[in-house]
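One file, protein_28.tsv, is given below (TSV, C-alpha atoms).
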```
chain	number	residue	atom	x	y	z
A	122	MET	CA	-25.24	106.75	-40.59
A	123	LEU	CA	-28.89	106.73	-39.71
A	124	PRO	CA	-29.87	106.62	-36.04
A	125	ILE	CA	-31.53	103.23	-36.50
A	126	GLN	CA	-28.31	101.82	-37.89
A	127	ALA	CA	-26.38	102.95	-34.83
A	128	ILE	CA	-29.02	101.47	-32.53
A	129	LEU	CA	-29.10	98.12	-34.36
A	130	ILE	CA	-25.35	97.79	-34.45
A	131	ALA	CA	-25.04	98.66	-30.77
A	132	LEU	CA	-27.68	96.07	-29.90
A	133	LEU	CA	-26.09	93.41	-32.10
A	134	VAL	CA	-22.72	93.89	-30.48
A	135	LEU	CA	-24.27	93.94	-27.01
A	136	ILE	CA	-26.25	90.75	-27.57
A	137	GLY	CA	-23.24	89.09	-29.16
A	138	GLY	CA	-21.15	90.03	-26.16
A	139	ILE	CA	-23.69	88.65	-23.69
A	140	TYR	CA	-23.89	85.37	-25.58
A	141	LEU	CA	-20.13	85.07	-25.77
A	142	THR	CA	-19.56	85.60	-22.06
A	143	ALA	CA	-22.65	84.04	-20.53
A	144	LEU	CA	-23.78	81.23	-22.76
A	145	SER	CA	-22.08	78.76	-25.02
A	146	SER	CA	-18.39	78.23	-24.50
A	147	ARG	CA	-17.84	75.85	-27.40
A	148	LEU	CA	-15.46	77.19	-30.01
A	149	VAL	CA	-17.69	76.25	-32.93
A	150	SER	CA	-20.73	78.04	-31.58
A	151	ARG	CA	-18.60	81.05	-30.59
A	152	LEU	CA	-17.26	81.35	-34.12
A	153	ALA	CA	-20.74	80.91	-35.56
A	154	LEU	CA	-22.02	83.62	-33.26
A	155	LEU	CA	-19.22	86.03	-34.16
A	156	SER	CA	-19.80	85.57	-37.87
A	157	LEU	CA	-23.54	86.01	-37.36
A	158	VAL	CA	-22.99	89.31	-35.55
A	159	ALA	CA	-20.53	90.41	-38.23
A	160	ALA	CA	-23.02	89.55	-40.97
A	161	GLY	CA	-25.70	91.45	-39.10
A	162	VAL	CA	-23.52	94.54	-38.81
A	163	VAL	CA	-22.64	94.38	-42.52
A	164	CYS	CA	-26.33	94.12	-43.44
A	165	VAL	CA	-27.24	97.04	-41.22
A	166	ILE	CA	-24.51	99.24	-42.69
A	167	ASN	CA	-25.39	98.24	-46.22
A	168	PRO	CA	-29.17	97.63	-46.39
A	169	ASN	CA	-29.12	96.99	-50.15
A	170	LEU	CA	-26.90	93.98	-49.67
A	171	THR	CA	-29.72	91.71	-48.44
A	172	THR	CA	-31.90	92.78	-51.35
A	173	ARG	CA	-29.15	91.97	-53.83
A	174	ILE	CA	-28.65	88.55	-52.28
A	175	ALA	CA	-32.43	88.06	-52.29
A	176	HIS	CA	-32.61	88.79	-56.00
A	177	ARG	CA	-29.82	86.30	-56.61
A	178	VAL	CA	-31.85	83.48	-55.00
A	179	GLY	CA	-35.14	84.56	-56.53
A	180	VAL	CA	-36.72	86.41	-53.61
A	181	GLY	CA	-38.25	89.84	-54.21
A	182	ARG	CA	-37.07	91.75	-51.19
A	183	GLY	CA	-34.24	91.44	-48.72
A	184	THR	CA	-36.78	91.71	-45.91
A	185	ASP	CA	-38.57	88.62	-47.19
A	186	LEU	CA	-35.33	86.70	-47.40
A	187	LEU	CA	-34.56	87.60	-43.80
A	188	LEU	CA	-38.06	86.54	-42.78
A	189	TYR	CA	-37.62	83.13	-44.38
A	190	LEU	CA	-34.27	82.64	-42.75
A	191	PHE	CA	-35.73	83.75	-39.45
A	192	CYS	CA	-38.49	81.14	-39.72
A	193	LEU	CA	-35.99	78.39	-40.42
A	194	ALA	CA	-33.83	79.54	-37.54
A	195	SER	CA	-36.84	79.54	-35.20
A	196	VAL	CA	-37.73	75.98	-36.06
A	197	THR	CA	-34.15	74.89	-35.56
A	198	VAL	CA	-34.04	76.58	-32.19
A	199	PHE	CA	-37.35	74.96	-31.24
A	200	LEU	CA	-36.07	71.51	-32.09
A	201	LYS	CA	-32.82	72.10	-30.22
A	202	LEU	CA	-34.71	73.29	-27.17
A	203	TYR	CA	-37.05	70.31	-27.39
A	204	LYS	CA	-34.12	67.92	-27.40
A	205	LYS	CA	-32.45	69.75	-24.58
A	206	ASN	CA	-35.68	69.71	-22.61
A	207	ARG	CA	-35.96	65.95	-23.08
A	208	ALA	CA	-32.41	65.50	-21.86
A	209	ILE	CA	-33.07	67.59	-18.76
A	210	GLU	CA	-36.30	65.69	-18.16
A	211	GLU	CA	-34.45	62.41	-18.30
A	212	LYS	CA	-31.92	63.63	-15.80
A	213	LEU	CA	-34.67	64.85	-13.50
A	214	THR	CA	-36.36	61.47	-13.83
A	215	GLU	CA	-33.17	59.70	-12.91
A	216	VAL	CA	-32.64	61.90	-9.86
A	217	ALA	CA	-36.23	61.54	-8.69
A	218	ARG	CA	-36.03	57.79	-9.27
A	219	GLN	CA	-32.90	57.47	-7.15
A	220	VAL	CA	-34.52	59.51	-4.40
A	221	ALA	CA	-37.55	57.23	-4.52
A	222	LEU	CA	-35.46	54.07	-4.49
A	223	GLN	CA	-33.32	55.26	-1.60
A	224	GLY	CA	-36.31	56.26	0.46
A	225	ALA	CA	-38.27	53.09	-0.29
A	226	GLN	CA	-40.17	51.68	2.65
A	227	ALA	CA	-40.60	47.93	2.74
A	228	PRO	CA	-43.76	46.65	4.41
A	229	HIS	CA	-43.39	46.37	8.15
A	230	ARG	CA	-44.08	42.77	8.98
A	231	GLU	CA	-46.79	42.52	11.54
A	232	ALA	CA	-47.37	39.33	13.46
B	142	MET	CA	-32.65	33.17	-16.60
B	143	ARG	CA	-33.85	31.48	-13.47
B	144	GLN	CA	-36.28	28.70	-14.16
B	145	PRO	CA	-39.55	29.64	-12.53
B	146	SER	CA	-41.06	26.78	-10.63
B	147	PRO	CA	-44.74	26.23	-11.37
B	148	GLU	CA	-45.79	26.81	-7.77
B	149	CYS	CA	-43.72	29.96	-7.59
B	150	VAL	CA	-44.05	31.77	-4.30
B	151	GLN	CA	-46.73	34.42	-4.60
B	152	SER	CA	-44.60	37.03	-2.88
B	153	ARG	CA	-42.08	36.78	-5.71
B	154	VAL	CA	-44.78	38.21	-7.94
B	155	PHE	CA	-44.47	41.98	-7.64
B	156	LEU	CA	-47.40	44.19	-8.52
B	157	VAL	CA	-46.23	47.65	-9.51
B	158	ILE	CA	-48.93	50.24	-8.92
B	159	PRO	CA	-48.22	53.80	-10.04
B	160	ALA	CA	-50.33	56.24	-8.08
B	161	TYR	CA	-50.85	59.92	-8.59
B	162	ASN	CA	-53.48	61.46	-6.36
B	163	GLU	CA	-55.52	58.27	-6.32
B	164	GLY	CA	-56.50	58.81	-2.73
B	165	ARG	CA	-58.91	56.38	-1.14
B	166	VAL	CA	-59.56	54.23	-4.14
B	167	LEU	CA	-55.93	53.14	-3.98
B	168	ALA	CA	-56.38	51.86	-0.44
B	169	SER	CA	-59.42	49.83	-1.44
B	170	THR	CA	-57.63	48.49	-4.53
B	171	ILE	CA	-54.78	47.34	-2.30
B	172	ARG	CA	-57.10	45.81	0.29
B	173	GLY	CA	-58.64	43.79	-2.50
B	174	LEU	CA	-55.21	42.51	-3.48
B	175	LEU	CA	-53.86	41.62	-0.06
B	176	PRO	CA	-55.52	38.17	0.23
B	177	TYR	CA	-53.63	36.98	-2.83
B	178	GLY	CA	-50.27	37.36	-1.13
B	179	TYR	CA	-48.48	39.18	-3.91
B	180	SER	CA	-45.80	41.73	-3.13
B	181	ILE	CA	-47.27	45.15	-3.75
B	182	VAL	CA	-45.11	48.09	-4.79
B	183	VAL	CA	-46.83	51.45	-4.76
B	184	VAL	CA	-44.98	54.20	-6.57
B	185	ASP	CA	-46.42	57.47	-5.37
B	186	ASP	CA	-45.74	59.81	-8.25
B	187	GLY	CA	-45.47	62.98	-6.22
B	188	SER	CA	-49.08	62.93	-5.06
B	189	SER	CA	-50.32	65.86	-3.05
B	190	ASP	CA	-53.41	64.19	-1.60
B	191	GLY	CA	-51.82	62.47	1.36
B	192	THR	CA	-51.36	59.11	-0.32
B	193	THR	CA	-48.57	58.51	2.17
B	194	ALA	CA	-50.94	58.69	5.11
B	195	ILE	CA	-53.54	56.51	3.44
B	196	LEU	CA	-51.05	53.71	2.88
B	197	LYS	CA	-49.40	53.94	6.27
B	198	ASP	CA	-50.97	50.84	7.75
B	199	LEU	CA	-51.01	48.71	4.62
B	200	PRO	CA	-48.30	46.10	4.09
B	201	VAL	CA	-46.93	47.49	0.84
B	202	HIS	CA	-43.60	48.59	-0.49
B	203	TYR	CA	-43.87	52.34	-0.74
B	204	LEU	CA	-41.77	54.57	-2.98
B	205	ARG	CA	-42.29	58.21	-3.63
B	206	HIS	CA	-41.12	60.43	-6.44
B	207	PRO	CA	-40.32	63.83	-4.93
B	208	VAL	CA	-41.95	65.45	-7.96
B	209	ASN	CA	-44.63	64.26	-10.34
B	210	LEU	CA	-43.03	62.62	-13.37
B	211	GLY	CA	-45.75	60.60	-15.03
B	212	GLN	CA	-47.06	57.07	-15.13
B	213	GLY	CA	-44.31	55.70	-17.36
B	214	ALA	CA	-41.62	56.97	-15.01
B	215	ALA	CA	-43.44	55.55	-12.01
B	216	LEU	CA	-43.69	52.13	-13.65
B	217	GLN	CA	-39.99	52.12	-14.42
B	218	THR	CA	-39.12	53.13	-10.86
B	219	GLY	CA	-41.35	50.36	-9.54
B	220	MET	CA	-39.76	47.83	-11.86
B	221	ASP	CA	-36.25	48.89	-10.82
B	222	TYR	CA	-37.26	48.42	-7.21
B	223	ALA	CA	-38.99	45.10	-7.77
B	224	LEU	CA	-35.98	43.74	-9.63
B	225	ALA	CA	-33.69	44.84	-6.81
B	226	GLN	CA	-35.98	43.03	-4.37
B	227	GLY	CA	-35.60	39.83	-6.33
B	228	ALA	CA	-38.94	39.81	-8.12
B	229	GLU	CA	-39.57	36.73	-10.23
B	230	TYR	CA	-42.51	38.29	-12.06
B	231	ILE	CA	-43.62	41.87	-12.41
B	232	VAL	CA	-47.22	42.89	-13.04
B	233	HIS	CA	-48.28	46.41	-13.97
B	234	PHE	CA	-51.44	47.14	-12.09
B	235	ASP	CA	-53.73	50.15	-12.06
B	236	ALA	CA	-54.34	52.09	-8.87
B	237	ASP	CA	-57.99	52.77	-9.56
B	238	GLY	CA	-59.07	49.16	-9.32
B	239	GLN	CA	-60.08	48.73	-12.95
B	240	HIS	CA	-57.89	45.65	-13.28
B	241	PRO	CA	-59.34	42.52	-11.72
B	242	ALA	CA	-57.00	40.73	-9.33
B	243	GLU	CA	-58.29	37.43	-10.71
B	244	GLY	CA	-56.70	38.42	-14.00
B	245	ILE	CA	-53.20	38.20	-12.60
B	246	PRO	CA	-52.91	34.39	-12.73
B	247	SER	CA	-54.31	34.43	-16.28
B	248	LEU	CA	-51.62	36.90	-17.30
B	249	LEU	CA	-48.87	34.89	-15.64
B	250	ALA	CA	-50.03	31.53	-16.97
B	251	PRO	CA	-48.69	31.78	-20.55
B	252	ILE	CA	-45.39	33.16	-19.24
B	253	ARG	CA	-45.04	30.30	-16.78
B	254	ARG	CA	-45.84	27.84	-19.52
B	255	GLY	CA	-43.01	29.42	-21.50
B	256	GLU	CA	-45.34	30.48	-24.32
B	257	CYS	CA	-44.35	34.12	-24.19
B	258	ASP	CA	-42.08	36.63	-22.47
B	259	VAL	CA	-44.61	39.38	-21.99
B	260	ALA	CA	-48.34	39.08	-21.41
B	261	VAL	CA	-50.66	42.01	-21.98
B	262	GLY	CA	-54.29	42.18	-21.03
B	263	SER	CA	-56.79	42.78	-23.80
B	264	ARG	CA	-60.33	44.02	-23.47
B	265	PHE	CA	-61.17	42.90	-26.97
B	266	LEU	CA	-60.40	39.19	-27.03
B	267	ASP	CA	-63.57	38.18	-25.24
B	268	PRO	CA	-66.82	39.57	-26.71
B	269	GLU	CA	-68.32	39.64	-23.23
B	270	ASN	CA	-65.58	42.02	-22.11
B	271	VAL	CA	-66.03	44.27	-25.11
B	272	LYS	CA	-69.60	44.97	-24.03
B	273	LEU	CA	-68.28	46.45	-20.80
B	274	ILE	CA	-66.37	49.17	-22.61
B	275	PRO	CA	-68.25	52.42	-23.09
B	276	ARG	CA	-68.95	53.00	-26.77
B	277	GLY	CA	-66.94	56.19	-27.21
B	278	ARG	CA	-63.95	54.61	-25.58
B	279	ARG	CA	-64.32	51.54	-27.79
B	280	ILE	CA	-64.03	53.61	-30.96
B	281	LEU	CA	-61.10	55.52	-29.55
B	282	LEU	CA	-59.32	52.31	-28.63
B	283	ARG	CA	-59.89	50.81	-32.06
B	284	GLY	CA	-58.21	53.85	-33.56
B	285	ALA	CA	-55.37	53.62	-31.07
B	286	VAL	CA	-54.85	49.98	-32.05
B	287	VAL	CA	-54.28	50.96	-35.66
B	288	ILE	CA	-51.93	53.82	-34.86
B	289	SER	CA	-50.01	51.79	-32.33
B	290	GLY	CA	-49.79	48.96	-34.88
B	291	ILE	CA	-48.38	51.23	-37.53
B	292	LEU	CA	-45.86	52.78	-35.16
B	293	THR	CA	-44.65	49.67	-33.39
B	294	ASN	CA	-45.42	47.05	-35.99
B	295	LEU	CA	-47.04	45.01	-33.26
B	296	TRP	CA	-50.65	44.33	-34.12
B	297	LEU	CA	-52.67	43.77	-31.01
B	298	SER	CA	-56.36	43.70	-30.34
B	299	ASP	CA	-56.09	46.32	-27.63
B	300	ALA	CA	-53.95	49.39	-27.15
B	301	HIS	CA	-52.93	51.25	-24.06
B	302	ASN	CA	-53.94	48.42	-21.83
B	303	GLY	CA	-51.96	48.97	-18.68
B	304	PHE	CA	-52.42	45.43	-17.36
B	305	ARG	CA	-49.19	43.64	-18.20
B	306	ALA	CA	-47.02	40.89	-16.78
B	307	LEU	CA	-43.43	40.04	-17.45
B	308	PRO	CA	-40.83	37.78	-15.93
B	309	ARG	CA	-37.63	39.07	-14.41
B	310	ALA	CA	-35.48	38.49	-17.48
B	311	ALA	CA	-37.85	40.45	-19.72
B	312	ALA	CA	-38.15	43.33	-17.26
B	313	GLN	CA	-34.38	43.65	-17.22
B	314	LYS	CA	-34.36	44.11	-20.98
B	315	LEU	CA	-36.96	46.87	-21.07
B	316	ARG	CA	-36.44	50.49	-20.22
B	317	LEU	CA	-39.18	53.11	-20.34
B	318	HIS	CA	-37.98	56.61	-21.11
B	319	GLU	CA	-41.37	58.00	-21.92
B	320	ASN	CA	-42.55	59.45	-18.64
B	321	GLY	CA	-46.09	60.21	-19.64
B	322	PHE	CA	-48.85	58.07	-21.11
B	323	ALA	CA	-46.96	57.51	-24.33
B	324	HIS	CA	-45.12	54.83	-22.38
B	325	ALA	CA	-47.77	52.33	-23.47
B	326	THR	CA	-46.59	52.62	-27.06
B	327	GLU	CA	-43.00	52.79	-25.97
B	328	PHE	CA	-43.48	49.60	-23.99
B	329	LEU	CA	-44.46	47.77	-27.18
B	330	ASP	CA	-41.52	49.35	-28.98
B	331	GLU	CA	-39.23	48.04	-26.30
B	332	VAL	CA	-40.79	44.59	-26.45
B	333	ARG	CA	-40.09	44.45	-30.15
B	334	ARG	CA	-36.60	45.87	-29.83
B	335	ALA	CA	-35.69	43.30	-27.18
B	336	LYS	CA	-37.22	40.60	-29.39
B	337	LEU	CA	-39.54	39.43	-26.65
B	338	ARG	CA	-42.54	37.26	-27.45
B	339	LEU	CA	-45.77	38.99	-26.57
B	340	GLN	CA	-49.13	37.41	-25.98
B	341	GLU	CA	-52.49	38.97	-25.32
B	342	VAL	CA	-54.69	37.57	-22.61
B	343	PRO	CA	-58.40	38.35	-22.33
B	344	VAL	CA	-59.22	40.37	-19.24
B	345	ALA	CA	-62.24	42.36	-18.23
B	346	ILE	CA	-61.74	45.96	-17.25
B	347	ARG	CA	-64.11	47.41	-14.71
B	348	TYR	CA	-65.26	50.83	-15.81
B	349	THR	CA	-66.35	52.51	-12.64
B	350	ASP	CA	-67.43	56.11	-12.43
B	351	TYR	CA	-64.18	56.79	-10.69
B	352	SER	CA	-61.95	55.25	-13.33
B	353	GLN	CA	-63.97	56.98	-16.05
B	354	ALA	CA	-63.50	60.36	-14.45
B	355	LYS	CA	-59.92	59.66	-13.57
B	356	GLY	CA	-58.90	57.97	-16.81
B	357	GLN	CA	-57.39	59.80	-19.71
B	358	PRO	CA	-59.90	62.01	-21.44
B	359	ALA	CA	-60.39	61.23	-25.12
B	360	SER	CA	-58.80	64.53	-26.12
B	361	ASN	CA	-55.60	63.40	-24.47
B	362	SER	CA	-55.17	60.71	-27.10
B	363	VAL	CA	-54.09	63.36	-29.58
B	364	ASN	CA	-51.50	64.55	-27.08
B	365	ILE	CA	-50.21	61.05	-26.65
B	366	LEU	CA	-50.01	60.58	-30.39
B	367	ILE	CA	-47.95	63.75	-30.75
B	368	ASP	CA	-45.64	62.62	-27.96
B	369	VAL	CA	-45.16	59.29	-29.65
B	370	LEU	CA	-44.50	60.85	-33.04
B	371	LEU	CA	-42.05	63.40	-31.66
B	372	ARG	CA	-40.13	60.64	-29.95
B	373	LYS	CA	-39.98	58.68	-33.19
B	374	VAL	CA	-38.68	61.65	-35.17
B	375	LEU	CA	-36.29	63.24	-32.72
```
Just give me the structure as structure tokens.
Amino acid sequence: MLPIQAILIALLVLIGGIYLTALSSRLVSRLALLSLVAAGVVCVINPNLTTRIAHRVGVGRGTDLLLYLFCLASVTVFLKLYKKNRAIEEKLTEVARQVALQGAQAPHREA
Amino acid sequence: MRQPSPECVQSRVFLVIPAYNEGRVLASTIRGLLPYGYSIVVVDDGSSDGTTAILKDLPVHYLRHPVNLGQGAALQTGMDYALAQGAEYIVHFDADGQHPAEGIPSLLAPIRRGECDVAVGSRFLDPENVKLIPRGRRILLRGAVVISGILTNLWLSDAHNGFRALPRAAAQKLRLHENGFAHATEFLDEVRRAKLRLQEVPVAIRYTDYSQAKGQPASNSVNILIDVLLRKVL
């Protein structure tokens, strides 16, 4: 095994572990994450695998295939974050609105 | 829906004024409104310029967002409050004094006559008013009209005119989720969704140096458009 392979696998497992414990607790996303880490490890151990898959789908190099997938994944993540951000914003709005309504000062009637 | 009597008490008309760092001009806008006897709701959108102190001695309803959320959010907060206070009519009014107080009865008139559910001010219905609009802004607004028309399927003569009036029943049906300036398009969306009848009323807008400097810069229109599009898609 090349040193880079050991490093990549160690990092993959580490990142996977952090995600599993700290972030999402939904079963579906946990399973997705585990299979993603597993796929990553397989690709690291067997670098020709991605190239073979790439050829199958008409892409020249495995690296390019990974790049395309990475781009798609980035966009997906961006959209998910955007939605999440909107949801948080709406909650913040609701909280701030309630604070404003509760602290509302009616005009003091002067004679 | 409660039947509004023609000589409806002025104090049942609630002016909702969102204010974000409007400072002194807000006080003078409010002083200009006081003689009319409307109920005035100022929603301080997390200003940091001491708006609280400026308004201290004025007879207005004062609400404050603890953080700045945007004009759309402030309008919605003000409407929630006005409805809770028993408002018969709600008027969206600008803090910087660009909306003429004399325009308020004109906006309310078609609603009171039962001709429409929502009245929106338009700078373009009266040729005399159009002349008051700076040329660059005029072109920008014409473009906004087209885009807003395409997106909301409501074809108006003016876009992003913040001078609006609606009766209680209509206000209860609308909900603005768009915190920023895209709320103007969202407002029309909501009007259409709630199947409310909308009418435009000619009003003059006063373009003072202050409102020009304070108003949305032209470049912001692209931002608003992107906001609107994103909301449509996602």
Expected answer as a PyMOL selection string: chain A residues within 6 Å of chain B, all atoms listed in the file: chain A and resi 217-218+221+225-228
Point-to-point distance from CA of Val157 (chain B) to CA of Leu216 (chain B), Å rounded to tenths: 6.6 Å
Minimum-distance residue to Ser298 (chain B), chosen among B:Ala242, B:Val154, B:Val286, B:Ile346 (using all atoms listed in the file): B:Val286
Using all atoms listed in the file: which of B:Val259, B:Leu366, B:Leu174, B:Val166 has the shortest distance to Arg309 (chain B): B:Val259
Between CA of Lys336 (chain B) and CA of Gly255 (chain B), distance in Å (one decimal):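 Answer for the CA of Lys336 (chain B) to CA of Gly255 (chain B) separation: 14.9 Å.
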Find the residues near Glu327 (chain B): any atom within 8 Å, counting all atoms listed in the file, skip ones fewer than 3 places away on the same chain, and give them as a short mmCIF file (atom, residue, chain, number, x, y, z; two decimals) with C-alpha atoms, keeping the file's coordinate frame.
```cif
data_model
loop_
_atom_site.label_atom_id
_atom_site.label_comp_id
_atom_site.auth_asym_id
_atom_site.auth_seq_id
_atom_site.Cartn_x
_atom_site.Cartn_y
_atom_site.Cartn_z
CA LEU B 317 -39.18 53.11 -20.34
CA HIS B 318 -37.98 56.61 -21.11
CA GLU B 319 -41.37 58.00 -21.92
CA ALA B 323 -46.96 57.51 -24.33
CA HIS B 324 -45.12 54.83 -22.38
CA ASP B 330 -41.52 49.35 -28.98
CA GLU B 331 -39.23 48.04 -26.30
CA VAL B 369 -45.16 59.29 -29.65
#
```
Proximity to Arg253 (chain B) - best of B:Ala160, B:Leu281, B:Ala306, B:Gly178, all atoms listed in the file: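 The answer is B:Ala306, which sits nearest to Arg253 (chain B).
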